[in-house]
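First up is the structure itself, then whatever we jot down about it.
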Amino acid sequence: MVLLLCLALAPFSDHLPSLFLALSITSLVFLWCSSSNNSGTRTNHSTPHSDKAPSDAVHDMFSVLKNPTTTSTTVATNYITPSAVPRPDAAPIPPRNDELPQSSQCQTAWLCQPYDAFLVLDVEATCLQGTGFHWPNEIIEWPVCLLKWTGRWDNGMVGPLQKVAEFRSFVKPTWRPELSSFCTSLTGITQEQVDNAPHFPEVVTQFSAFLAHHGLIHPVTGERLLRFCWCTDGPFDVRDFVVKQCFISNIPMPSWIMGDVMDVRKVVSAYSEYNRPHSSKPALPRRMSPNIESQLRFLGLGPFEGRQHCGLDDSRNIARVVVELARRGLRLVPNTPIQPGRRWPWMGKSGQVLEQYCLTPRR
């Protein structure tokens with residue numbers, strides 16, 4: 001190749017310096033253009049820049065828990081590393097290293113707790129053996145455990161959740177003021193206790209004062225001062241019992257209960273399914289809603305404390321479950337709708353109960 005080039009340039013030997021200069025400049029220009037083209041090619045094959053903003057690190061807990069097959073990256077953003085929430089009286093929860101997010105994501109998930117307080121409610125109501133939720137049950141016990149974070153700082157960090165107060169009142173029924181023996185046996189509530197108790201509208205007034213005393217609502221206007229969420233075992237307490245009772249008492253539903261409700265049973269059931277290895281049997285029965293005792297056992301909280309179907313004891317144990325869910329880093333959000341306009345066939349006008357739709361034995 002060099003020999004051929006020399007022979008070709010022999011006739012122009014007198015002008016070789018100029019030719020070499022021109023060739024050098026041409027080569028440099030060619031090399032520069034090639035470099036630019038290669039650089040552009042590499043850029044075109046790099047990862048394209050997305051115009052979408054980064055997704056929020058904290059998703060609604062139940063949108064993930066309801067779908068255990070969600071990718072691990074998405075699921076993990078709803079939980080924090082267990083060691084980030086120390087609990088001196090119990091062994092730490094073994095972390096799932098293959099699904100835990102980075103520490104910064106864990107912290108973000110822990111910071112995003114949208115509610116300031118939680119009201120754990122488990123009412124007891126009149127009942128007859130063999131009747132279901134279609135019957136006009138009247139509330140005879142109104143027990144509530146108030147839970148608050150031990151601290152909430154400007155950066156959004158919250159301290160552990162704990163019980164700070166309780167409210168309890170028995171309630172005197174009006175439509176069927178005499179309790180059935182089945183009801184007394186189930187709930188432990190005696191006829192004397194309800195006979196000496198206030199009617200439901202008065203209990204509503206007393207409980208409103210309780211909420212105002214603890215800074216949840218304004219004492220005069222009833223306006224919400226803190227963001228709070230109701231916590232129940234199943235959907236029945238607010239969706240069914242409160243709606244029925246307000247109809248029978250012929251009063252509107254209180255504004256403080258027309259808010260958000262978290263079905264704790266649903267949360268624990270979904271959480272147990274999410275944490276179950278695919279090859280193992282479910283920790284809780286899939287087709288059965290876990291009762292309070294089963295929830296406590298699954299979370300390693302020990303036995304039920306107190307008497308089952310005592311409203312206050314039920315509320316206290318549900319509160320234990322909620323506190324533990326918060327300790328494990330679950331984002332506590334509502335998952336149950338309220339239906340204040342719900343109606344049953346026995347509902348007449350202005351609180352009237354149509355007896356022909358309640359043809360059931362008294363005992």
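Letters A, B, ... go to the chains of the structure tokens in the order shown; residues in each chain start at 1; ligands are counted from 1 in the same order.
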
Within 10 Å of Arg265 of chain A using only C-alpha atoms, minus same-chain residues under 2 positions, as a PyMOL selection string: chain A and resi 231-235+262-263+267-271+289-292+294-295+318+321

Strand (DSSP E or B) per DSSP on the backbone: members of segment 106-339 of chain A, as JSON, numbers by chain: {"A": [117, 118, 119, 120, 121, 124, 125, 139, 140, 141, 142, 143, 144, 145, 146, 147, 148, 149, 152, 158, 161, 162, 163, 164, 165, 166, 167, 168, 169, 170, 217, 224, 228, 229, 230, 231, 232, 260, 261, 262, 263, 336]}

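Nearest to Met258 of chain A of all the residues A:Gly151, A:Pro337, A:Gly351, A:Pro345 is A:Pro337, based on only C-alpha atoms.
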
Residues near Val158 of chain A, cut-off 10 Å, only C-alpha atoms, skip fewer than 6 positions along chain, as a ChimeraX atom specification: /A:110-113,116,148-152

Separation of atom CA of Pro177 of chain A from atom CA of Gln193 of chain A in Å: 11.6 Å

Separation of atom CA of Leu121 of chain A from atom CA of Tyr274 of chain A in Å: 26.0 Å

Expected answer as an MDAnalysis selection string: helix (DSSP H, G or I) residues in segment 91-300 of chain A: chainID A and resid 103:111 181:187 191:195 200:213 236:248 255:257 264:274 292:298

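Among the candidates A:Trp344, A:Trp256, A:Phe170, A:Phe182, the residue lying nearest to Ser208 of chain A is A:Trp256 (atoms considered: only C-alpha atoms).
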
Neighbour list for segment 299-308 of chain A as number ranges by chain, cut-off 12 Å, only C-alpha atoms, skip fewer than 2 positions in-chain: A: 89-93, 122, 124, 185-189, 267-269, 271-272, 275, 283-284, 290-297, 310-328
